Structure formats: structure tokens, C-alpha cells
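Have a look at the structure below, then the notes.
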Amino acid sequence: MKAPALLGRLRFGVRGLRPGFGWLRRFRRNGDDSAGEPRKPLSKPLLGAVVLVTVVYAGLAGWLALNGAATREAWQASIPSTTVAVAPLPPSSPPEPKLAAPAVPPPVPTDAAPLPLPGAQAAAVTLVPAPVPGLVEDSRNGPLPRIAQDGRKPWQVYARPFPVTDKRPRVAIVMSDLGLSGVTTGNALAKLPPGITLAFLPYAERLDDWVERARTKGHEVMLSVPMEPLNYPRDDPGPNALLTMLGPDRNVERLEWSLGKAVGYVGITSTTGSKFTANPAAMQPVIDALKARGLLLVDARANPKSVAGPLANLAGVPRALGDRVIDRDLSRGAIDDQLRELEELAKTNGAAVGFASPYPTTIERLNLWLTALADRGIALAPVSAVVNIQK
């Protein structure tokens, strides 16, 4: 409140302050007793108190009038405050010109591609598109492989390239019996590295599409031909299976039925022929047909007494021998043990071949095993790179 206004409210009549306190006499006249009793004079203590209060208010009003502005400034100064200085932003500098990267000379070509470092991802490998003119002939069963007039053989032309200068022990993995389940086959193609060889059943639907997709990704491809098992007919290997009860011509015709379902494969194998592959008379016409068409054979040795490998060796047919079925027991520890045994066999014999089925656990353990295989001095190879090496 402003000092003049405060003084206005505390204004007193000067006449009321003269000796005798006339304004008190007016107060006493207004307080006439209705009962007619005589008026009593005010006591001296009360009069003193009234005078004291009046003097105090008057002094306060005078002090405010003289010192109000200074008091307000002192009160504002007592409030803590902080002054922050804001520096102006520096002027933006123009962008530095980008320096051109120094030109890198192209690599000098060499006769053989260098081997990938351990743990490094291998370069993509492109397979020869199939069919190759001169390596196929038409038949009532479809296109059949044949040896070209210049001597080229399908198992060599359609093989996944592998450096001949690589002298490390080799392990080949054949993922067998693909094509029946689209989900299972698609999962194998999506998750398996291209160094794994894939074997497809000839009676699978859309077989030619599956084979083309596999080869486009870089997988070497085989056909898993159905052959008679020991407990046939309770265990049916599939349509047009090779049977010991049939004559050589019938079995060769059934073999050509399987061979005509796709193109681009390097040879055949069979995981069911435990009875057929142990019969020399039944197996010999098949070996002769493979030799005439320039195909290789991988003997899965479903029967320890199989003669398929020895007959192929005698006939000059490229052959590889199955050493282990890595997922006969699907526990992770058992699969890992079989893979370690393949490594030891490869170190002893120069090469080893493992068969597997496209189970999720098998694919998982294979991928984990492959992460450090090169660090252990072992090469993952297609089956065409291990033929005629095993002792």
C-alpha cells in the first residue's frame, strides 16, 4: 500500500488532540446512560494506552513515507538470484570436401583361387547350369545323362568346384531323402551351407524345381534311388524300387525312370537298399549303367556286407563310401560324437563321408560343427571331391 494512502486512513482531527481531549468529551457525551446514572470519567491507564497506540501508528506512517522505496529495494535484493550468461553459437563452418578414395588395383589373377582363411566365409560358388548340351539324351522316361562325345562326364561337369590344391583331410556330408516334405526341404535349403551335398528322392513332387534351387545356391546334388531293404515288403522303399526278384532289364528300366526325373545331378546313392546292395548279381547291372552314363556312386553301406562300393571300384565307376550316419541317435551329444569320428576317419583315410537326415537338430549341430572345422585343419567337401580317396 502506498504511504500517502496509509496516511489518509490514519488522519486525525488536530482539534481532537488539543489539551483537554475534546474528542473524548464528545465520546463521553454520546455515551449518555439511558438509566440516568452519573457518567464516570475514563481512567488514566486507558487514556495512556489510547495515546500510545495513536503515537505508534503515526510514527509508523511517517517512517513508511520516508523509507518505503528503500525498504522495497532491500527486500528484493534479499531474494537470491543467478545470472547465466549465454554465449552466442559459433558460426557454422562450411563442410569439408570429401577426398576421393585412392584407386585400388585389381587383384592379379592366379591359376588357383586361394583357400579361405579359417573362420572366414567362403566365396560364392556357381555351378554349371543344367542341362548342358551334349550331356543329355531324350527317352520315354525323360532326359537321361550321358557321356559327351568329347569325353566329358556328367559327374564332373555338374560337380561343385573344389580346389585340387587343397591337401587337407576332407569330410563330405550327404543330406539324404529330400523332397517329400516341402517344409523340411525348404528349411534344409535355407539353413544348410552350400558345401553340404543334397540327395533327393526321385518320386518327390516338383523334383526338378528343388534340384534347380539347390544347385542355384551352390549345393552338389544326387538322386537317392529306392532299393530293396532287408525287410521288404513290410518296409516299402517307394515306387519303382530296384528289387532282387526282378531281372536286370527291369531294374535298369526302373533306374532310368528315376534318372529321368531331373537334370544336373552327379550320381546316385541309396539309404534303403540293405538287401539289394548286398546282392552282386542284382547290383552289377546298376554299376554298368552308371558307368555308361558317366555318373558316380556313393555306397551308403546300409548293409555292412554291401558290394556296391567294391563292384564300382572294379568297374572304374567313381565311388565314395558312407562311414557314419550322424543322426541315428538324435541327441545333440550323439550327433557331435559322430561328427568327431568323421574327422578322425578323414585324418586317417584322407576323406570321410557322413549321411544325415534333414532334422532340425541335425541341421543345428552341423552348422555349429562347421564354424570351427577349418580351424581344426579339416575341409568340408562335396562328394565328388572325395571319390576314390577313401581306403
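Just so we're on the same page: first chain in the C-alpha cells is A, next is B, and so on; residues restart at 1 for each chain, and ligands are numbered from 1 in the order they show up.
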Please provide as number ranges by chain all residues within 10 Å of Lys153 (chain A), with the sequence filter that same-chain residues fewer than 4 positions apart are discarded (counting only C-alpha atoms).
-> A: 134-135, 145-149, 157-158, 266, 291-296
DSSP on the backbone: what in region 166-334 of chain A comes out strand (DSSP E or B), as a PyMOL selection string?
-> chain A and resi 170-178+197-200+221-224+227+242+267-269+296-299+319-321+324-325
9 Å contact set for region 331-345 of chain A, only C-alpha atoms, chain neighbours under 4 positions out, as a list in words =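 Neighbouring residues, sequence-local ones excluded: Pro169, Arg170, Val171, Asp323, Arg324, Val325, Ile326, Asp327, Asn349, Gly350, Ala351, Ala352, Val353, Gly354, Thr361, Thr362, Arg365, Leu366, Trp369, Leu373 and Ile378 of chain A.
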Serialized selection, N, CA, C and O atoms, as a PDB file, in the first residue's frame:
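Once everything was written out, this is again_24.pdb:
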ATOM      1  N   PRO A 169      42.595 -83.067 -44.998  1.00  0.00           N
ATOM      2  CA  PRO A 169      41.608 -84.152 -44.955  1.00  0.00           C
ATOM      3  C   PRO A 169      40.208 -83.609 -45.255  1.00  0.00           C
ATOM      4  O   PRO A 169      39.863 -82.502 -44.849  1.00  0.00           O
ATOM      5  N   ARG A 170      39.403 -84.397 -45.972  1.00  0.00           N
ATOM      6  CA  ARG A 170      38.106 -83.928 -46.451  1.00  0.00           C
ATOM      7  C   ARG A 170      36.970 -84.717 -45.807  1.00  0.00           C
ATOM      8  O   ARG A 170      37.047 -85.952 -45.680  1.00  0.00           O
ATOM      9  N   VAL A 171      35.926 -83.995 -45.439  1.00  0.00           N
ATOM     10  CA  VAL A 171      34.703 -84.613 -44.933  1.00  0.00           C
ATOM     11  C   VAL A 171      33.554 -84.164 -45.817  1.00  0.00           C
ATOM     12  O   VAL A 171      33.358 -82.958 -46.036  1.00  0.00           O
ATOM     13  N   ASP A 323      30.581 -93.566 -44.186  1.00  0.00           N
ATOM     14  CA  ASP A 323      31.268 -94.007 -42.975  1.00  0.00           C
ATOM     15  C   ASP A 323      30.387 -93.953 -41.736  1.00  0.00           C
ATOM     16  O   ASP A 323      30.512 -94.797 -40.848  1.00  0.00           O
ATOM     17  N   ARG A 324      29.543 -92.960 -41.639  1.00  0.00           N
ATOM     18  CA  ARG A 324      28.705 -92.802 -40.456  1.00  0.00           C
ATOM     19  C   ARG A 324      27.350 -92.219 -40.856  1.00  0.00           C
ATOM     20  O   ARG A 324      27.246 -91.426 -41.792  1.00  0.00           O
ATOM     21  N   VAL A 325      26.312 -92.628 -40.123  1.00  0.00           N
ATOM     22  CA  VAL A 325      25.020 -91.933 -40.142  1.00  0.00           C
ATOM     23  C   VAL A 325      25.007 -91.087 -38.879  1.00  0.00           C
ATOM     24  O   VAL A 325      24.903 -91.613 -37.766  1.00  0.00           O
ATOM     25  N   ILE A 326      25.148 -89.808 -39.019  1.00  0.00           N
ATOM     26  CA  ILE A 326      25.455 -88.971 -37.857  1.00  0.00           C
ATOM     27  C   ILE A 326      24.262 -88.763 -36.929  1.00  0.00           C
ATOM     28  O   ILE A 326      24.447 -88.413 -35.761  1.00  0.00           O
ATOM     29  N   ASP A 327      23.032 -88.977 -37.422  1.00  0.00           N
ATOM     30  CA  ASP A 327      21.859 -88.704 -36.581  1.00  0.00           C
ATOM     31  C   ASP A 327      20.971 -89.930 -36.394  1.00  0.00           C
ATOM     32  O   ASP A 327      19.756 -89.812 -36.279  1.00  0.00           O
ATOM     33  N   ASN A 349      42.148 -91.728 -43.328  1.00  0.00           N
ATOM     34  CA  ASN A 349      41.925 -92.240 -44.682  1.00  0.00           C
ATOM     35  C   ASN A 349      41.988 -91.171 -45.762  1.00  0.00           C
ATOM     36  O   ASN A 349      41.827 -91.485 -46.942  1.00  0.00           O
ATOM     37  N   GLY A 350      42.178 -89.931 -45.385  1.00  0.00           N
ATOM     38  CA  GLY A 350      42.199 -88.871 -46.377  1.00  0.00           C
ATOM     39  C   GLY A 350      40.852 -88.231 -46.616  1.00  0.00           C
ATOM     40  O   GLY A 350      40.764 -87.072 -47.040  1.00  0.00           O
ATOM     41  N   ALA A 351      39.773 -88.991 -46.385  1.00  0.00           N
ATOM     42  CA  ALA A 351      38.417 -88.474 -46.584  1.00  0.00           C
ATOM     43  C   ALA A 351      37.441 -89.335 -45.796  1.00  0.00           C
ATOM     44  O   ALA A 351      37.736 -90.490 -45.454  1.00  0.00           O
ATOM     45  N   ALA A 352      36.278 -88.760 -45.512  1.00  0.00           N
ATOM     46  CA  ALA A 352      35.210 -89.480 -44.819  1.00  0.00           C
ATOM     47  C   ALA A 352      33.879 -88.929 -45.304  1.00  0.00           C
ATOM     48  O   ALA A 352      33.768 -87.763 -45.703  1.00  0.00           O
ATOM     49  N   VAL A 353      32.842 -89.785 -45.272  1.00  0.00           N
ATOM     50  CA  VAL A 353      31.504 -89.412 -45.741  1.00  0.00           C
ATOM     51  C   VAL A 353      30.503 -89.713 -44.639  1.00  0.00           C
ATOM     52  O   VAL A 353      30.462 -90.836 -44.110  1.00  0.00           O
ATOM     53  N   GLY A 354      29.708 -88.713 -44.308  1.00  0.00           N
ATOM     54  CA  GLY A 354      28.648 -88.882 -43.325  1.00  0.00           C
ATOM     55  C   GLY A 354      27.283 -88.668 -43.960  1.00  0.00           C
ATOM     56  O   GLY A 354      27.117 -87.775 -44.796  1.00  0.00           O
ATOM     57  N   THR A 361      17.412 -80.686 -35.437  1.00  0.00           N
ATOM     58  CA  THR A 361      18.561 -80.847 -34.548  1.00  0.00           C
ATOM     59  C   THR A 361      19.827 -81.157 -35.344  1.00  0.00           C
ATOM     60  O   THR A 361      20.913 -80.647 -35.037  1.00  0.00           O
ATOM     61  N   THR A 362      19.690 -81.970 -36.376  1.00  0.00           N
ATOM     62  CA  THR A 362      20.846 -82.297 -37.211  1.00  0.00           C
ATOM     63  C   THR A 362      21.400 -81.051 -37.892  1.00  0.00           C
ATOM     64  O   THR A 362      22.618 -80.816 -37.908  1.00  0.00           O
ATOM     65  N   ARG A 365      23.279 -78.864 -35.325  1.00  0.00           N
ATOM     66  CA  ARG A 365      24.593 -79.359 -34.915  1.00  0.00           C
ATOM     67  C   ARG A 365      25.613 -79.278 -36.065  1.00  0.00           C
ATOM     68  O   ARG A 365      26.794 -79.020 -35.843  1.00  0.00           O
ATOM     69  N   LEU A 366      25.133 -79.486 -37.287  1.00  0.00           N
ATOM     70  CA  LEU A 366      26.039 -79.363 -38.427  1.00  0.00           C
ATOM     71  C   LEU A 366      26.571 -77.936 -38.560  1.00  0.00           C
ATOM     72  O   LEU A 366      27.773 -77.726 -38.766  1.00  0.00           O
ATOM     73  N   TRP A 369      29.088 -77.292 -35.849  1.00  0.00           N
ATOM     74  CA  TRP A 369      30.324 -78.043 -36.107  1.00  0.00           C
ATOM     75  C   TRP A 369      31.162 -77.366 -37.184  1.00  0.00           C
ATOM     76  O   TRP A 369      32.396 -77.298 -37.102  1.00  0.00           O
ATOM     77  N   LEU A 373      35.488 -75.981 -38.148  1.00  0.00           N
ATOM     78  CA  LEU A 373      36.067 -77.136 -38.837  1.00  0.00           C
ATOM     79  C   LEU A 373      37.389 -76.765 -39.511  1.00  0.00           C
ATOM     80  O   LEU A 373      38.373 -77.507 -39.428  1.00  0.00           O
ATOM     81  N   ILE A 378      40.437 -79.360 -41.204  1.00  0.00           N
ATOM     82  CA  ILE A 378      39.578 -80.257 -41.986  1.00  0.00           C
ATOM     83  C   ILE A 378      38.816 -79.423 -42.999  1.00  0.00           C
ATOM     84  O   ILE A 378      38.360 -78.318 -42.708  1.00  0.00           O
TER      85      ILE A 378
END
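If you count only C-alpha atoms and ignore residues fewer than 6 places along the chain from Ser357 (chain A), what sits within 9 Å of it is A:Val174, A:Met175, A:Ser176, A:Asp177, A:Leu178, A:Val325, A:Ile326, A:Asp327, A:Arg328, A:Ile363.
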Hey, what's within 8 Å of region 183-192 of chain A if we count only C-alpha atoms and toss same-chain stuff fewer than 2 positions away? As a count of residues only, please?
-> 11
CA of Glu220 (chain A) and CA of Ala385 (chain A) are how many Å apart?
-> 10.5 Å
One-decimal distance in Å that lies between CA of Gly195 (chain A) and CA of Lys167 (chain A) | 16.8 Å
Spatial neighbours of Val136 (chain A), 10 Å, only C-alpha atoms, chain gap at least 3 places, as number ranges by chain = A: 130-133, 139, 142-148, 154, 260, 263-264, 293
Name the residues of region 195-287 of chain A that fall into helix (DSSP H, G or I) according to DSSP on the backbone, using the chain letters and numbers of this document, as a ChimeraX atom specification.
-> /A:207-217,248-259,276-278,280-287
Atoms kept (N, CA, C and O atoms) for selection, written as a tab-separated table (two decimals), in the first residue's frame:
chain	number	residue	atom	x	y	z
A	207	LEU	N	10.33	-82.17	-58.26
A	207	LEU	CA	11.73	-82.52	-58.06
A	207	LEU	C	12.66	-81.61	-58.86
A	207	LEU	O	13.70	-81.17	-58.35
A	208	ASP	N	12.29	-81.34	-60.12
A	208	ASP	CA	13.17	-80.51	-60.94
A	208	ASP	C	13.33	-79.11	-60.36
A	208	ASP	O	14.41	-78.51	-60.44
A	209	ASP	N	12.25	-78.58	-59.72
A	209	ASP	CA	12.36	-77.26	-59.08
A	209	ASP	C	13.29	-77.30	-57.88
A	209	ASP	O	14.11	-76.39	-57.67
A	210	TRP	N	13.16	-78.35	-57.06
A	210	TRP	CA	14.02	-78.47	-55.88
A	210	TRP	C	15.49	-78.58	-56.29
A	210	TRP	O	16.37	-77.94	-55.69
A	211	VAL	N	15.76	-79.39	-57.30
A	211	VAL	CA	17.15	-79.58	-57.75
A	211	VAL	C	17.71	-78.27	-58.29
A	211	VAL	O	18.87	-77.90	-57.99
A	212	GLU	N	16.91	-77.55	-59.06
A	212	GLU	CA	17.39	-76.28	-59.60
A	212	GLU	C	17.67	-75.27	-58.49
A	212	GLU	O	18.69	-74.57	-58.52
A	213	ARG	N	16.79	-75.20	-57.49
A	213	ARG	CA	17.02	-74.29	-56.37
A	213	ARG	C	18.28	-74.66	-55.61
A	213	ARG	O	19.06	-73.79	-55.21
A	214	ALA	N	18.47	-75.97	-55.38
A	214	ALA	CA	19.65	-76.41	-54.64
A	214	ALA	C	20.93	-76.07	-55.40
A	214	ALA	O	21.90	-75.56	-54.82
A	215	ARG	N	20.94	-76.30	-56.70
A	215	ARG	CA	22.15	-76.03	-57.49
A	215	ARG	C	22.38	-74.53	-57.63
A	215	ARG	O	23.53	-74.06	-57.68
A	216	THR	N	21.31	-73.75	-57.69
A	216	THR	CA	21.48	-72.30	-57.76
A	216	THR	C	22.16	-71.77	-56.50
A	216	THR	O	22.97	-70.83	-56.56
A	217	LYS	N	21.86	-72.38	-55.36
A	217	LYS	CA	22.51	-71.97	-54.12
A	217	LYS	C	23.94	-72.47	-54.01
A	217	LYS	O	24.72	-71.96	-53.20
A	248	PRO	N	17.62	-108.10	-64.67
A	248	PRO	CA	18.47	-106.92	-64.90
A	248	PRO	C	17.79	-105.86	-65.76
A	248	PRO	O	17.91	-104.66	-65.47
A	249	ASP	N	17.08	-106.25	-66.82
A	249	ASP	CA	16.45	-105.27	-67.69
A	249	ASP	C	15.40	-104.46	-66.94
A	249	ASP	O	15.28	-103.24	-67.13
A	250	ARG	N	14.60	-105.15	-66.12
A	250	ARG	CA	13.56	-104.45	-65.36
A	250	ARG	C	14.18	-103.46	-64.37
A	250	ARG	O	13.70	-102.34	-64.22
A	251	ASN	N	15.22	-103.86	-63.71
A	251	ASN	CA	15.86	-102.95	-62.74
A	251	ASN	C	16.52	-101.76	-63.44
A	251	ASN	O	16.46	-100.64	-62.94
A	252	VAL	N	17.13	-101.98	-64.61
A	252	VAL	CA	17.73	-100.87	-65.34
A	252	VAL	C	16.64	-99.91	-65.82
A	252	VAL	O	16.82	-98.69	-65.80
A	253	GLU	N	15.50	-100.48	-66.26
A	253	GLU	CA	14.40	-99.62	-66.66
A	253	GLU	C	13.90	-98.79	-65.49
A	253	GLU	O	13.61	-97.58	-65.64
A	254	ARG	N	13.80	-99.38	-64.32
A	254	ARG	CA	13.39	-98.63	-63.13
A	254	ARG	C	14.45	-97.59	-62.74
A	254	ARG	O	14.11	-96.49	-62.29
A	255	LEU	N	15.70	-97.92	-62.92
A	255	LEU	CA	16.76	-96.95	-62.65
A	255	LEU	C	16.62	-95.75	-63.58
A	255	LEU	O	16.75	-94.59	-63.14
A	256	GLU	N	16.35	-96.00	-64.87
A	256	GLU	CA	16.19	-94.90	-65.81
A	256	GLU	C	14.96	-94.06	-65.49
A	256	GLU	O	14.94	-92.86	-65.77
A	257	TRP	N	13.92	-94.70	-64.94
A	257	TRP	CA	12.74	-93.93	-64.50
A	257	TRP	C	13.15	-92.90	-63.45
A	257	TRP	O	12.69	-91.76	-63.48
A	258	SER	N	14.01	-93.31	-62.53
A	258	SER	CA	14.49	-92.38	-61.50
A	258	SER	C	15.41	-91.32	-62.10
A	258	SER	O	15.30	-90.12	-61.78
A	259	LEU	N	16.31	-91.75	-63.00
A	259	LEU	CA	17.28	-90.81	-63.56
A	259	LEU	C	16.61	-89.74	-64.44
A	259	LEU	O	17.14	-88.64	-64.59
A	276	PHE	N	19.39	-105.14	-51.51
A	276	PHE	CA	19.76	-105.06	-52.92
A	276	PHE	C	21.26	-104.85	-53.10
A	276	PHE	O	21.90	-105.49	-53.94
A	277	THR	N	21.85	-103.96	-52.31
A	277	THR	CA	23.28	-103.65	-52.48
A	277	THR	C	24.18	-104.79	-52.01
A	277	THR	O	25.38	-104.78	-52.33
A	278	ALA	N	23.63	-105.74	-51.28
A	278	ALA	CA	24.43	-106.89	-50.84
A	278	ALA	C	24.34	-108.04	-51.83
A	278	ALA	O	24.97	-109.10	-51.60
A	280	PRO	N	25.38	-109.26	-55.43
A	280	PRO	CA	26.23	-108.90	-56.58
A	280	PRO	C	25.51	-109.02	-57.92
A	280	PRO	O	25.70	-108.16	-58.80
A	281	ALA	N	24.70	-110.06	-58.08
A	281	ALA	CA	24.02	-110.25	-59.37
A	281	ALA	C	23.03	-109.12	-59.64
A	281	ALA	O	22.87	-108.70	-60.79
A	282	ALA	N	22.36	-108.65	-58.63
A	282	ALA	CA	21.40	-107.56	-58.82
A	282	ALA	C	22.11	-106.21	-58.97
A	282	ALA	O	21.66	-105.33	-59.71
A	283	MET	N	23.25	-106.06	-58.31
A	283	MET	CA	23.92	-104.76	-58.28
A	283	MET	C	24.78	-104.51	-59.52
A	283	MET	O	24.94	-103.36	-59.94
A	284	GLN	N	25.29	-105.56	-60.16
A	284	GLN	CA	26.20	-105.37	-61.28
A	284	GLN	C	25.58	-104.62	-62.46
A	284	GLN	O	26.22	-103.71	-63.01
A	285	PRO	N	24.36	-104.93	-62.89
A	285	PRO	CA	23.77	-104.15	-64.00
A	285	PRO	C	23.62	-102.67	-63.67
A	285	PRO	O	23.74	-101.82	-64.56
A	286	VAL	N	23.39	-102.34	-62.41
A	286	VAL	CA	23.28	-100.94	-62.00
A	286	VAL	C	24.64	-100.25	-62.13
A	286	VAL	O	24.74	-99.12	-62.62
A	287	ILE	N	25.69	-100.94	-61.72
A	287	ILE	CA	27.04	-100.38	-61.84
A	287	ILE	C	27.37	-100.14	-63.31
A	287	ILE	O	27.94	-99.09	-63.68
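Considering the residues A:Ala204, A:Val387, A:Leu380, A:Met227 and counting only C-alpha atoms, Gly267 (chain A) has its shortest atom-to-atom contact with A:Val387.
Take CA of Ser270 (chain A) and CA of Arg168 (chain A): the distance between them is 27.7 Å.
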May I have the residues within 12 Å of Lys305 (chain A) as a list in words, using only C-alpha atoms and disregarding those fewer than 4 positions away in the same chain?
-> Leu230, Gly273, Ser274, Lys275, Phe276, Thr277, Ala278, Asn279, Pro280, Asp299, Ala300, Arg301, Gly309 and Pro310 of chain A
